[in-house]
Each structure stands twice: as C-alpha cells, then as structure tokens.
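File shown: work.txt. Contents: compact mmCIF, C-alpha atoms.
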```txt
# COMPACT_ATOMS: atom_id res chain seq x y z
CA MET S 1250 25.12 296.22 10.95
CA GLY S 1251 27.43 298.59 9.14
CA LYS S 1252 30.77 299.93 10.34
CA GLU S 1253 30.54 298.59 13.89
CA PHE S 1254 29.60 295.27 15.48
CA ASP S 1255 27.63 296.79 18.32
CA ASP S 1256 24.31 297.80 19.81
CA ASN S 1257 20.93 296.13 19.21
CA ALA S 1258 22.01 294.66 15.89
CA LYS S 1259 24.90 292.85 17.58
CA ALA S 1260 22.67 291.51 20.36
CA MET S 1261 20.05 290.27 17.90
CA TYR S 1262 22.62 288.70 15.58
CA LEU S 1263 24.33 286.82 18.41
CA TYR S 1264 21.00 285.56 19.71
CA LEU S 1265 19.95 284.25 16.30
CA ALA S 1266 23.37 282.75 15.58
CA LEU S 1267 23.91 281.13 18.97
CA LYS S 1268 20.44 280.28 20.28
CA THR S 1269 18.38 279.38 17.19
CA ASP S 1270 18.90 277.10 14.23
CA VAL S 1271 18.30 279.78 11.59
CA ASN S 1272 20.81 280.64 8.89
CA VAL S 1273 21.80 284.22 9.77
CA TYR S 1274 24.13 286.69 8.02
CA TRP S 1275 25.71 289.86 9.37
CA MET S 1276 25.78 292.79 6.92
CA GLN S 1277 29.04 294.73 7.08
CA ALA S 1278 30.12 298.03 5.52
CA LYS S 1279 32.78 297.67 2.83
CA ASP S 1280 35.38 299.67 4.76
CA SER S 1281 34.78 297.98 8.13
CA LYS S 1282 37.79 296.48 9.90
CA TYR S 1283 36.25 294.78 12.93
CA LYS S 1284 36.08 291.03 13.41
CA ILE S 1285 33.25 289.06 15.00
CA LYS S 1286 35.03 287.12 17.75
CA GLU S 1287 32.00 285.67 19.54
CA ILE S 1288 31.26 283.16 16.78
CA GLU S 1289 33.52 280.74 14.93
CA ASN S 1290 33.32 281.33 11.16
CA PRO S 1291 30.47 283.89 11.17
CA LYS S 1292 28.55 284.42 7.95
CA ILE S 1293 29.16 287.95 6.72
CA SER S 1294 28.15 289.86 3.61
CA THR S 1295 28.86 293.40 2.42
CA ILE S 1296 26.13 296.04 2.41
CA GLY S 1297 25.11 296.89 -1.15
CA SER S 1298 26.96 293.98 -2.75
CA ILE S 1299 25.32 291.67 -5.28
CA GLU S 1300 25.28 289.00 -2.58
CA SER S 1301 23.46 291.36 -0.19
CA TYR S 1302 20.58 291.63 -2.68
CA ARG S 1303 20.49 287.88 -3.18
CA LEU S 1304 20.36 287.38 0.57
CA TYR S 1305 17.74 290.09 1.05
CA PHE S 1306 15.35 288.73 -1.59
CA SER S 1307 15.76 285.12 -0.43
CA SER S 1308 15.36 285.85 3.32
CA ARG S 1309 12.28 285.34 5.46
CA PHE S 1310 13.27 288.05 7.95
CA VAL S 1311 15.60 291.04 8.09
CA PHE S 1312 16.47 293.03 11.21
CA PHE S 1313 17.94 296.54 11.13
CA THR S 1314 18.60 299.49 13.45
CA HIS S 1315 18.54 302.43 11.05
CA SER S 1316 16.96 301.50 7.71
CA ASN S 1317 17.07 298.76 5.14
CA SER S 1318 18.70 301.16 2.68
CA THR S 1319 21.66 301.90 4.99
CA ASP S 1320 21.99 298.56 6.79
CA ILE S 1321 21.37 295.89 4.13
CA ALA S 1322 20.43 296.44 0.48
CA PRO S 1323 20.25 300.16 -0.46
CA LEU S 1324 18.13 299.83 -3.62
CA ALA S 1325 15.97 296.85 -2.65
CA ASP S 1326 12.79 298.93 -2.35
CA HIS S 1327 12.99 299.77 -6.06
CA PHE S 1328 12.43 296.16 -7.11
CA MET S 1329 9.06 294.43 -6.97
CA ILE S 1330 10.40 291.03 -5.98
CA HIS S 1331 9.85 288.95 -2.86
CA ARG S 1332 10.08 291.17 0.21
CA PRO S 1333 11.11 289.61 3.52
CA PHE S 1334 9.45 290.51 6.81
CA GLU S 1335 11.30 293.61 8.02
CA VAL S 1336 11.90 294.26 11.73
CA TYR S 1337 13.10 297.65 12.95
CA ILE S 1338 14.87 297.09 16.27
CA SER S 1339 16.06 300.71 16.57
CA HIS S 1340 19.32 302.03 18.00
CA GLY S 1341 17.85 304.06 20.85
CA ILE S 1342 14.78 304.58 23.00
CA GLU S 1343 12.29 307.32 22.23
CA ALA S 1344 11.80 309.61 25.23
CA LEU S 1345 14.35 312.39 25.63
CA LYS S 1346 14.03 314.04 22.22
CA GLY S 1347 11.78 314.18 19.21
CA PRO S 1348 12.82 312.69 15.86
CA ILE S 1349 14.76 314.50 13.16
CA LYS S 1350 12.33 315.71 10.53
CA GLY S 1351 12.08 313.51 7.46
CA GLY S 1352 13.56 310.46 9.17
CA ARG S 1353 10.67 308.04 8.69
CA VAL S 1354 11.53 304.33 8.66
CA GLU S 1355 9.60 301.66 6.76
CA ALA S 1356 9.20 298.20 8.33
CA ASP S 1357 6.62 295.50 9.07
CA LEU S 1358 7.36 295.36 12.79
CA PHE S 1359 8.66 297.99 15.21
CA THR S 1360 9.84 297.08 18.70
CA ALA S 1361 9.21 299.15 21.83
CA VAL S 1362 10.60 298.88 25.37
CA SER S 1363 7.35 299.89 27.05
CA PRO S 1364 3.72 300.85 26.43
CA PHE S 1365 4.93 304.47 26.74
CA GLU S 1366 7.33 304.08 23.81
CA LYS S 1367 4.72 302.21 21.80
CA LYS S 1368 2.34 305.14 22.30
CA ILE S 1369 5.00 307.49 20.91
CA LYS S 1370 5.46 305.38 17.79
CA VAL S 1371 1.73 305.02 17.23
CA GLU S 1372 0.57 308.56 18.03
CA ASP S 1373 3.59 310.64 16.97
CA TRP S 1374 5.15 308.47 14.27
CA LYS S 1375 1.66 307.54 13.01
CA LEU S 1376 2.43 303.82 12.84
CA PRO S 1377 -0.41 301.27 12.91
CA SER S 1378 -0.78 299.97 16.48
CA ARG S 1379 -0.68 296.36 15.22
CA ASN S 1380 2.84 296.98 13.81
CA VAL S 1381 4.35 298.10 17.14
CA LYS S 1382 4.97 295.46 19.81
CA VAL S 1383 6.30 295.86 23.34
CA THR S 1384 9.24 293.44 23.36
CA GLY S 1385 12.04 295.18 25.24
CA MET S 1386 15.39 296.37 23.88
CA ALA S 1387 17.69 293.72 22.36
CA ARG S 1388 20.93 295.06 23.84
CA PHE S 1389 19.51 294.95 27.37
CA ASP S 1390 20.14 291.19 27.30
CA ALA S 1391 23.85 291.95 27.67
CA TYR S 1392 23.39 294.26 30.67
CA TRP S 1393 24.16 293.01 34.16
CA PRO S 1394 24.10 295.28 37.23
CA SER S 1395 27.38 296.13 38.91
CA SER S 1396 27.82 295.62 42.63
CA ASP S 1397 30.54 298.31 42.74
CA LYS S 1398 28.83 301.70 43.10
CA LYS S 1399 32.05 303.70 43.34
CA VAL S 1400 32.26 306.34 40.58
CA ARG S 1401 35.70 306.67 39.00
CA ARG S 1402 34.99 306.49 35.26
CA ILE S 1403 32.46 308.97 33.85
CA LEU S 1404 31.22 308.89 30.25
CA TYR S 1405 30.45 312.21 28.56
CA LEU S 1406 28.14 311.69 25.61
CA PRO S 1407 26.73 314.85 24.00
CA THR S 1408 23.96 314.73 21.40
CA TRP S 1409 24.41 315.78 17.80
CA ARG S 1410 22.55 318.95 16.87
CA GLU S 1411 21.91 319.08 13.14
CA TRP S 1412 21.81 322.90 13.25
CA ASP S 1413 25.44 323.14 14.46
CA LEU S 1414 26.58 322.98 10.83
CA GLY S 1415 25.25 325.10 8.00
CA SER S 1416 24.22 323.69 4.63
CA ASP S 1417 27.77 324.41 3.47
CA GLY S 1418 29.22 322.26 6.27
CA LYS S 1419 30.62 325.30 8.10
CA GLY S 1420 29.79 326.98 11.38
CA TRP S 1421 30.90 324.35 13.91
CA GLU S 1422 33.42 326.60 15.69
CA GLU S 1423 30.76 329.29 16.10
CA SER S 1424 28.21 326.89 17.59
CA GLU S 1425 27.25 326.89 21.27
CA THR S 1426 28.02 323.17 21.39
CA TYR S 1427 31.62 323.72 20.33
CA LYS S 1428 32.11 326.56 22.81
CA HIS S 1429 30.73 324.60 25.77
CA LEU S 1430 32.72 321.48 24.89
CA LEU S 1431 35.88 323.55 24.75
CA GLN S 1432 35.14 325.19 28.10
CA LEU S 1433 34.63 321.78 29.69
CA PHE S 1434 37.91 320.44 28.29
CA ASP S 1435 39.74 323.55 29.52
CA ASP S 1436 38.19 323.57 33.00
CA GLN S 1437 41.27 323.32 35.22
CA GLN S 1438 39.20 322.95 38.39
CA LEU S 1439 37.42 319.94 36.89
CA LEU S 1440 40.76 318.48 35.83
CA THR S 1441 42.12 318.91 39.37
CA LEU S 1442 39.00 317.32 40.87
CA LEU S 1443 39.34 314.28 38.62
CA ALA S 1444 43.07 313.98 39.30
CA GLU S 1445 42.62 314.17 43.09
CA ASN S 1446 40.12 311.32 42.92
CA GLN S 1447 42.02 309.27 40.31
CA ALA S 1448 38.92 309.51 38.12
CA LYS S 1449 38.50 309.88 34.37
CA LEU S 1450 36.02 311.71 32.17
CA ILE S 1451 35.68 309.90 28.83
CA PHE S 1452 34.43 312.12 26.01
CA HIS S 1453 32.80 309.94 23.35
CA PRO S 1454 31.55 312.12 20.47
CA HIS S 1455 28.48 311.36 18.40
CA PRO S 1456 29.55 309.72 15.09
CA PHE S 1457 28.40 312.82 13.18
CA MET S 1458 30.89 314.90 15.21
CA ASN S 1459 33.96 312.84 14.34
CA GLY S 1460 35.09 315.06 11.46
CA THR S 1461 35.16 318.12 13.73
CA MET S 1462 37.04 316.76 16.73
CA GLY S 1463 40.68 317.67 16.01
CA ILE S 1464 41.06 320.27 18.76
CA PHE S 1465 39.53 317.92 21.36
CA LYS S 1466 41.86 315.08 20.42
CA GLN S 1467 44.76 317.47 20.98
CA ARG S 1468 43.45 318.41 24.44
CA SER S 1469 42.98 314.79 25.56
CA ASN S 1470 44.94 314.00 28.73
CA ASN S 1471 45.09 311.43 31.54
CA TYR S 1472 41.89 312.61 33.20
CA ILE S 1473 39.75 314.09 30.41
CA LYS S 1474 40.15 311.66 27.56
CA PHE S 1475 38.87 311.73 24.00
CA ASP S 1476 37.75 308.31 22.76
CA SER S 1477 35.77 307.68 19.58
CA SER S 1478 37.00 304.14 18.94
CA THR S 1479 35.68 302.11 21.89
CA PRO S 1480 32.21 300.65 21.10
CA ILE S 1481 29.55 302.59 22.95
CA SER S 1482 28.12 299.37 24.40
CA GLN S 1483 31.51 298.74 26.02
CA GLU S 1484 31.61 302.28 27.41
CA ILE S 1485 28.13 301.84 28.88
CA MET S 1486 29.29 298.78 30.80
CA ASP S 1487 32.74 300.11 31.76
CA CYS S 1488 31.70 303.58 32.94
CA ASP S 1489 30.21 304.18 36.38
CA ALA S 1490 28.24 307.33 35.53
CA LEU S 1491 27.14 309.46 32.59
CA ILE S 1492 27.04 313.12 31.65
CA THR S 1493 24.81 313.85 28.69
CA ASP S 1494 22.33 316.38 27.42
CA TYR S 1495 19.63 314.51 25.51
CA SER S 1496 21.18 311.19 24.43
CA SER S 1497 18.98 308.12 24.78
CA VAL S 1498 21.99 306.36 26.31
CA ALA S 1499 20.82 308.08 29.51
CA ILE S 1500 18.01 305.52 29.53
CA ASP S 1501 20.55 302.68 29.37
CA PHE S 1502 22.22 304.12 32.48
CA LEU S 1503 18.84 304.37 34.19
CA TYR S 1504 18.20 300.71 33.33
CA LEU S 1505 21.58 299.79 34.84
CA ASP S 1506 20.84 302.01 37.87
CA LYS S 1507 23.97 304.09 37.27
CA PRO S 1508 23.94 307.81 38.17
CA LEU S 1509 23.92 310.54 35.55
CA ILE S 1510 23.99 314.29 35.07
CA PHE S 1511 21.98 316.15 32.44
CA TYR S 1512 24.16 318.99 31.13
CA GLN S 1513 21.69 321.00 29.04
CA PHE S 1514 23.27 324.38 28.32
CA ASP S 1515 20.78 324.95 25.47
CA GLN S 1516 17.65 323.32 26.85
CA SER S 1517 15.17 325.96 25.67
CA GLU S 1518 16.53 326.03 22.12
CA PHE S 1519 16.76 322.26 21.91
CA LEU S 1520 13.19 321.74 23.05
CA LYS S 1521 12.02 324.38 20.59
CA ARG S 1522 13.82 322.69 17.68
CA ARG S 1523 13.39 319.00 18.52
CA GLY S 1524 10.90 318.68 21.34
CA ALA S 1525 10.78 315.80 23.82
CA TYR S 1526 8.41 313.08 24.98
CA LEU S 1527 9.25 313.44 28.68
CA ASP S 1528 8.41 316.44 30.81
CA TYR S 1529 11.80 318.03 31.51
CA LYS S 1530 10.48 319.75 34.65
CA THR S 1531 9.26 316.59 36.39
CA GLU S 1532 10.55 313.44 34.64
CA LEU S 1533 14.30 313.77 34.15
CA PHE S 1534 16.10 311.16 36.25
CA GLY S 1535 19.17 313.04 37.34
CA PRO S 1536 20.32 316.56 38.24
CA VAL S 1537 19.97 319.11 35.41
CA VAL S 1538 22.73 321.73 35.04
CA TYR S 1539 23.31 324.53 32.55
CA ASN S 1540 26.97 325.59 32.92
CA GLU S 1541 30.43 324.17 33.56
CA ALA S 1542 30.58 325.24 37.22
CA ALA S 1543 27.39 323.31 37.98
CA VAL S 1544 28.75 320.28 36.09
CA ARG S 1545 31.82 320.37 38.34
CA GLU S 1546 29.68 320.51 41.49
CA GLU S 1547 27.62 317.50 40.42
CA VAL S 1548 30.72 315.53 39.42
CA GLN S 1549 32.11 316.10 42.91
CA LYS S 1550 28.90 314.68 44.39
CA LEU S 1551 29.21 311.60 42.18
CA LEU S 1552 32.81 311.06 43.24
CA GLU S 1553 31.71 311.33 46.88
CA GLY S 1554 28.98 308.73 46.35
CA ASP S 1555 26.16 311.24 46.79
CA PHE S 1556 23.46 309.70 44.58
CA GLU S 1557 20.37 307.51 44.99
CA SER S 1558 19.09 304.38 43.26
CA LYS S 1559 16.28 304.96 40.79
CA ARG S 1560 15.63 301.32 39.93
CA ASP S 1561 12.17 301.35 41.51
CA SER S 1562 11.30 304.93 40.61
CA LYS S 1563 8.14 305.99 38.83
CA ILE S 1564 10.09 306.93 35.68
CA SER S 1565 11.79 303.51 35.56
CA LYS S 1566 8.43 301.78 35.68
CA LYS S 1567 7.21 304.08 32.91
CA LEU S 1568 10.16 303.43 30.61
CA PHE S 1569 10.78 299.68 31.11
CA ALA S 1570 8.20 296.93 30.67
CA PHE S 1571 10.72 294.15 31.30
CA ARG S 1572 13.79 293.62 33.45
CA ASP S 1573 14.99 290.22 32.33
CA HIS S 1574 17.30 288.79 29.67
CA GLU S 1575 14.59 287.62 27.29
CA ASN S 1576 14.37 290.66 25.00
CA CYS S 1577 15.93 289.09 21.89
CA LYS S 1578 13.81 286.00 22.39
CA ARG S 1579 10.63 288.09 22.60
CA ILE S 1580 11.60 290.01 19.46
CA TRP S 1581 12.31 286.79 17.55
CA LEU S 1582 9.11 285.04 18.63
CA THR S 1583 7.09 288.16 17.87
CA ALA S 1584 8.66 288.40 14.42
CA ILE S 1585 7.81 284.75 13.71
CA LYS S 1586 4.22 285.25 14.83
CA GLU S 1587 3.67 288.50 12.93
CA GLY S 1588 5.46 287.19 9.86
CA ARG S 1589 3.15 284.19 9.81
CA ILE S 1590 0.13 286.48 10.07
CA ARG S 1591 1.34 288.56 7.13
CA HIS S 1592 1.98 285.45 5.05
CA GLN S 1593 -1.49 284.06 5.78
CA SER S 1594 -3.17 287.40 4.99
CA LYS S 1595 -1.41 287.54 1.62
CA ARG S 1596 -2.47 284.00 0.78
CA GLY S 1597 -6.01 284.80 1.88
CA GLY S 1598 -6.01 288.00 -0.16
```
Would you mind giving the structure from this file in structure tokens?
Amino acid sequence: MGKEFDDNAKAMYLYLALKTDVNVYWMQAKDSKYKIKEIENPKISTIGSIESYRLYFSSRFVFFTHSNSTDIAPLADHFMIHRPFEVYISHGIEALKGPIKGGRVEADLFTAVSPFEKKIKVEDWKLPSRNVKVTGMARFDAYWPSSDKKVRRILYLPTWREWDLGSDGKGWEESETYKHLLQLFDDQQLLTLLAENQAKLIFHPHPFMNGTMGIFKQRSNNYIKFDSSTPISQEIMDCDALITDYSSVAIDFLYLDKPLIFYQFDQSEFLKRRGAYLDYKTELFGPVVYNEAAVREEVQKLLEGDFESKRDSKISKKLFAFRDHENCKRIWLTAIKEGRIRHQSKRGG
C-alpha cells in the first residue's frame, strides 16, 4: 500500500488477487507513479479518497503494513460505522531493535513469523495472545534460495535513527550516522577492493533519510552506488550479501541464507535508546564491526567466499517457524477463521 508496490502488502495483494476469488483492491498514494504489472486490470483506489472510505466501510477484511490511517482510510476510526476485520501484516520482523515510542498499531489480528516474535508482541506490545497468530511473513512466499554463493553485489542498508535530526529538522550533518556514512563512501581502500573484484556496494537509504542524501548521490560511482529507487524486495533478491546495523532486513538475508555484516558503530547508544529483543553478545548472525577498517576486512572475506551457512543454526530455528511458500495462505485462512469468530461473538453479545 502507499507509494510503492512492494513488501508484505504486495505479496498479500497478489495472493488474494491471483489465488482466491475475493474482490480485492490495492490502496495507492495519490502521488504514486508505479504500475501493477503482475495483474491485468488491477483494482486500485487512492488512499484517503471518498472511494477509499466506501471500500473500507463495505469490506469484510483489510490488510495493512503500517496503520489503517496511513495505508487505507485516514479518518475511518472517527466514524462509528461498520468496521471490517483488520489484519496487521507488518513491514518487518521484531528482533533486532525495540519499537519507536508511541508507535502503537490497532488491529484485530497481528501476524508473527515465530513463537519468539509472538511473545514479543504479547509481552512487550501488550497485545492479547488470542490476537497474535504465528503465520509466517507474507513476502517470504516470493523468496527462493540462490544456488550461486559468489558475492559480487552487496547491499548496504542502514537504519534510521530518529535522534539524528532535532525537532527543528536540523543536525543531520553533525550526527554520527552522517559522519560514518561519509567515511564509508570516501574509503579509497574499500573502493579499490570492490573494483579489483568487480563488485558493487549498493547504498539504499531508509525512506526517512531521502531528504538528506544529496552529498551521497554526488559521491555515487561504479562501485559504491547510491540507489533509493529500486524496490527493497528486488534488492534483497538481487544482492548476494548485506551490510546493516539494526535493520530487520538482516532477518530476510538470514532466511535466504545469504551472508551479512553488522556494522554497529553506535551499538551502545542505540541499545540504550531503542533496546533489542536479541542478545547482541550471543545471538547476532554475522560478524559485528564498529569502524570502517573492520568493515573493509569483512567485505574482503565475503568476496573471497569466507562465510558459513546459517540455515540450520539455532537462531534460524528461533526466528522462523516455517520454511515453505504457504505464508499468505496461512494469513488468509487465519483471518477468515478469526473474522468468523469475531462476527459470531458480536451476534452472541
């Protein structure tokens, strides 16, 4: 939903449109320019339009990845009319970082990829256990393992830190994030290493960073490239390895059994501000580095093929309840079942 046709929302929409007989609409931001190519004549409506409210109040189910107010009908909660069964399918997996304060989501059903993630949503988010179901992640249905383990395309995906900008929107160029990003872009030894191996480092900024990226666009070159336009789901499939700090996309790479590097130059501060659900001393599933020189050393190991499979590791078993292509189906069948229970309880009440 929204400005991009991507992620869990895309996977769920395509499943409903192509593999069920339900009448399904995609909600699109007014200024979006993408086209849905997977379906002939897809049904699309604009978020916040009069039609979006008509569709919302006449629907049996709605699925969203952020919130109903941002993904479908912004003011729907202010009207006491028919409310459809709302399913929050998320846009990431809870594990590597705690939630931003004040970011509570309202829904009838919350999905989880594992009993571990369900426990987080019940105990930390304070959701009723009956409202959280272990179904798997919708976008995992589109993931297929690659037989080519050679690393030549590395995705760099740093996390947004809400404290990098002051309340006045200033302070980015004084932030530690900015300084470390700049040092990485200007690392001539890293550039040489990539060039010698005909490899590329793709820097894909968090959407909240896009307004601050001018200097990095200017520094983009053949081997360290700035790219904010390619859908992240495409980057996950196209790239052979990942460098990140705390992004939940690391868990997608673990699922795909692709190697990764945790570049956490501010680990202590980040954990103090946001916290995490995994133990960073024992449960991170890749080398952890704190400066550019160590990043370069680990990149060289990746390019040399010096990494091990973690598919059958203890952390993989903790984070993934399913490894099939039935996630969207489970979510849909669970929504039908739970929606029926809610309907019957209302009639009984």
Kindly provide, as AutoDock Vina command-line options, the centre and edge lengths (Å, one decimal) of an axis-aligned box around all atoms of range 1393-1404 of chain S given in the file, with 6 Å on each side.
```
--center_x 29.9 --center_y 301.0 --center_z 36.8 --size_x 23.6 --size_y 28.0 --size_z 25.1
```
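Reported to one decimal place, the separation of CA of Ser1482 in chain S from CA of Ala1391 in chain S is 9.2 Å.
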Residue with smallest distance to Asn1257 in chain S - pool S:Phe1312, S:Phe1359, S:Tyr1495, S:Trp1581, counting only C-alpha atoms: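 For Asn1257 in chain S, the nearest of the candidates is S:Phe1312.
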Practice prompt. Quick one: everything within 8 Å of Ala1525 in chain S, counting only C-alpha atoms, minus sequence neighbours fewer than 4 positions away in the same chain. Send it as a PyMOL selection string.
Written response: chain S and resi 1344-1347+1520
Please save C-alpha atoms of the selected residues as a PDB file, in the frame of the given file.
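And here's selection_35.pdb as it stands now:
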```
ATOM      1  CA  ALA S1344      11.800 309.610  25.230  1.00  0.00           C
ATOM      2  CA  LEU S1345      14.350 312.390  25.630  1.00  0.00           C
ATOM      3  CA  LYS S1346      14.030 314.040  22.220  1.00  0.00           C
ATOM      4  CA  GLY S1347      11.780 314.180  19.210  1.00  0.00           C
ATOM      5  CA  LEU S1520      13.190 321.740  23.050  1.00  0.00           C
TER       6      LEU S1520
END
```
Taken to one decimal, the CA of Asp1320 in chain S-CA of Thr1493 in chain S distance is 26.9 Å
query: Please, which residues are within 12 Å of (41.1, 318.7, 38.8) by the file's coordinates, counting all atoms listed in the file, and could they come as a list in words?
result: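 Counting all atoms listed in the file, I find these residues within 12 Å of (41.1, 318.7, 38.8): Leu1433, Phe1434, Asp1435, Asp1436, Gln1437, Gln1438, Leu1439, Leu1440, Thr1441, Leu1442, Leu1443, Ala1444, Glu1445, Asn1446, Gln1447, Ala1448, Lys1449, Leu1450, Asn1470, Asn1471, Tyr1472, Ile1473, Arg1545, Glu1546, Val1548 and Gln1549 of chain S.
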Quiz item: Near range 1526-1529 of chain S, counting only C-alpha atoms, which residues have an atom at most 12 Å away, once you skip same-chain residues fewer than 5 positions from it, shown as a PyMOL selection string?
Solution: chain S and resi 1342-1348+1365-1370+1372-1373+1494-1495+1497+1500+1511+1513+1516-1517+1519-1520+1534-1537+1564+1567-1568
Using C-alpha atoms, can you write the selected residues to a file as a compact mmCIF listing (two decimals), keeping the file's coordinate frame?
```
# COMPACT_ATOMS: atom_id res chain seq x y z
CA ILE S 1342 14.78 304.58 23.00
CA GLU S 1343 12.29 307.32 22.23
CA ALA S 1344 11.80 309.61 25.23
CA LEU S 1345 14.35 312.39 25.63
CA LYS S 1346 14.03 314.04 22.22
CA GLY S 1347 11.78 314.18 19.21
CA PRO S 1348 12.82 312.69 15.86
CA PHE S 1365 4.93 304.47 26.74
CA GLU S 1366 7.33 304.08 23.81
CA LYS S 1367 4.72 302.21 21.80
CA LYS S 1368 2.34 305.14 22.30
CA ILE S 1369 5.00 307.49 20.91
CA LYS S 1370 5.46 305.38 17.79
CA GLU S 1372 0.57 308.56 18.03
CA ASP S 1373 3.59 310.64 16.97
CA ASP S 1494 22.33 316.38 27.42
CA TYR S 1495 19.63 314.51 25.51
CA SER S 1497 18.98 308.12 24.78
CA ILE S 1500 18.01 305.52 29.53
CA PHE S 1511 21.98 316.15 32.44
CA GLN S 1513 21.69 321.00 29.04
CA GLN S 1516 17.65 323.32 26.85
CA SER S 1517 15.17 325.96 25.67
CA PHE S 1519 16.76 322.26 21.91
CA LEU S 1520 13.19 321.74 23.05
CA PHE S 1534 16.10 311.16 36.25
CA GLY S 1535 19.17 313.04 37.34
CA PRO S 1536 20.32 316.56 38.24
CA VAL S 1537 19.97 319.11 35.41
CA ILE S 1564 10.09 306.93 35.68
CA LYS S 1567 7.21 304.08 32.91
CA LEU S 1568 10.16 303.43 30.61
```
Open item on the list: With only C-alpha atoms as the counted atoms, please give the residues lying no more than 8 Å from Ala1356 in chain S, apart from itself and same-chain residues fewer than 5 positions off, as JSON, numbers by chain.
Closed with: {"S": [1334, 1335, 1336, 1337]}
Resulting file, chosen residues, C-alpha atoms, as a tab-separated table (two decimals), keeping the file's coordinate frame:
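Contents of the output file again_36.tsv:
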```tsv
chain	number	residue	atom	x	y	z
S	1334	PHE	CA	9.45	290.51	6.81
S	1335	GLU	CA	11.30	293.61	8.02
S	1336	VAL	CA	11.90	294.26	11.73
S	1337	TYR	CA	13.10	297.65	12.95
```
- Query: From the list S:Pro1454, S:Pro1323, S:Pro1394, S:Gly1385, which residue is nearest Tyr1427 in chain S when using only C-alpha atoms?
  - Reply: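 Ranked by minimum distance to Tyr1427 in chain S, first place goes to S:Pro1454.
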Range 1266-1279 of chain S environment, 12 Å, all atoms listed in the file, sequence neighbours closer than 2 positions dropped, as a ChimeraX atom specification = /S:1250-1255,1258-1264,1281-1285,1287-1298,1300-1305,1307-1314,1317-1323,1575,1577-1578,1581-1582,1585
Tell me which protein, DNA and RNA residues are within 8 Å of Glu1355 in chain S, counting all atoms listed in the file, leaving out same-chain ones fewer than 2 positions away, and put them as a list of chain:residue names.
S:Ser1316, S:Arg1353, S:Asp1357
Write the selection just made, keeping C-alpha atoms, as a JSON list (two decimals), keeping the file's coordinate frame?
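Everything below was put into out.json:
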```json
[["chain", "number", "residue", "atom", "x", "y", "z"],
["S", 1316, "SER", "CA", 16.96, 301.50, 7.71],
["S", 1353, "ARG", "CA", 10.67, 308.04, 8.69],
["S", 1357, "ASP", "CA", 6.62, 295.50, 9.07]]
```
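Between CA of Asp1573 in chain S and CA of Ala1387 in chain S the interatomic distance comes to 10.9 Å.
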Kindly indicate which residue among S:Arg1589, S:Lys1375, S:Arg1523, S:Lys1507 lies nearest to Lys1398 in chain S, using all atoms listed in the file for the distances.
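So, comparing all the options, the nearest one is S:Lys1507.
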Exercise. Given the choices S:Ser1594, S:Ser1395, S:Ser1416, S:Ser1424, which gets closest to Asp1487 in chain S if the distance is worked out from all atoms listed in the file?
Worked result: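 Among the listed residues, the smallest separation from Asp1487 in chain S belongs to S:Ser1395.
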message = Given only C-alpha atoms as the basis, pick out the residue of S:Glu1532, S:Asp1515, S:Asp1506, S:Glu1587 nearest to Asp1561 in chain S.
response =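 With only C-alpha atoms as the atom set, the closest residue is S:Asp1506.
Distances here use all atoms listed in the file; by that measure, the residue among S:Asp1397, S:Ala1490, S:Leu1265, S:Thr1360 closest to Arg1379 in chain S is S:Thr1360.
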Step by step: locate range 1418-1435 of chain S in the block above, keep N, CA and C atoms, then write the file as a compact mmCIF listing (two decimals), in the first residue's frame.
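What ended up in out_36.txt:
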```txt
# COMPACT_ATOMS: atom_id res chain seq x y z
N GLY S 1418 14.37 19.86 12.64
CA GLY S 1418 14.75 19.23 11.38
C GLY S 1418 16.21 19.42 11.02
N LYS S 1419 17.01 19.95 11.94
CA LYS S 1419 18.43 20.20 11.68
C LYS S 1419 19.29 19.24 12.50
N GLY S 1420 20.57 19.20 12.17
CA GLY S 1420 21.51 18.40 12.94
C GLY S 1420 22.04 17.17 12.23
N TRP S 1421 21.54 16.88 11.03
CA TRP S 1421 21.94 15.68 10.31
C TRP S 1421 23.46 15.64 10.07
N GLU S 1422 24.04 16.74 9.62
CA GLU S 1422 25.46 16.75 9.27
C GLU S 1422 26.37 16.69 10.49
N GLU S 1423 25.80 16.86 11.68
CA GLU S 1423 26.58 16.72 12.91
C GLU S 1423 26.40 15.34 13.53
N SER S 1424 25.52 14.53 12.96
CA SER S 1424 25.23 13.22 13.54
C SER S 1424 26.34 12.22 13.26
N GLU S 1425 26.48 11.23 14.14
CA GLU S 1425 27.46 10.16 13.95
C GLU S 1425 27.12 9.34 12.71
N THR S 1426 25.83 9.18 12.44
CA THR S 1426 25.42 8.41 11.26
C THR S 1426 25.96 9.05 10.00
N TYR S 1427 25.76 10.35 9.86
CA TYR S 1427 26.24 11.08 8.69
C TYR S 1427 27.76 10.93 8.54
N LYS S 1428 28.47 11.12 9.63
CA LYS S 1428 29.94 11.06 9.58
C LYS S 1428 30.45 9.68 9.15
N HIS S 1429 29.83 8.63 9.67
CA HIS S 1429 30.28 7.28 9.33
C HIS S 1429 29.88 6.91 7.90
N LEU S 1430 28.72 7.36 7.45
CA LEU S 1430 28.33 7.12 6.06
C LEU S 1430 29.32 7.79 5.11
N LEU S 1431 29.68 9.00 5.44
CA LEU S 1431 30.61 9.75 4.59
C LEU S 1431 31.98 9.07 4.56
N GLN S 1432 32.44 8.61 5.69
CA GLN S 1432 33.74 7.92 5.75
C GLN S 1432 33.72 6.64 4.90
N LEU S 1433 32.60 5.95 4.92
CA LEU S 1433 32.49 4.72 4.13
C LEU S 1433 32.51 5.03 2.64
N PHE S 1434 31.78 6.07 2.24
CA PHE S 1434 31.76 6.46 0.82
C PHE S 1434 33.13 6.93 0.35
N ASP S 1435 33.90 7.52 1.26
CA ASP S 1435 35.20 8.08 0.88
C ASP S 1435 36.37 7.13 1.14
```
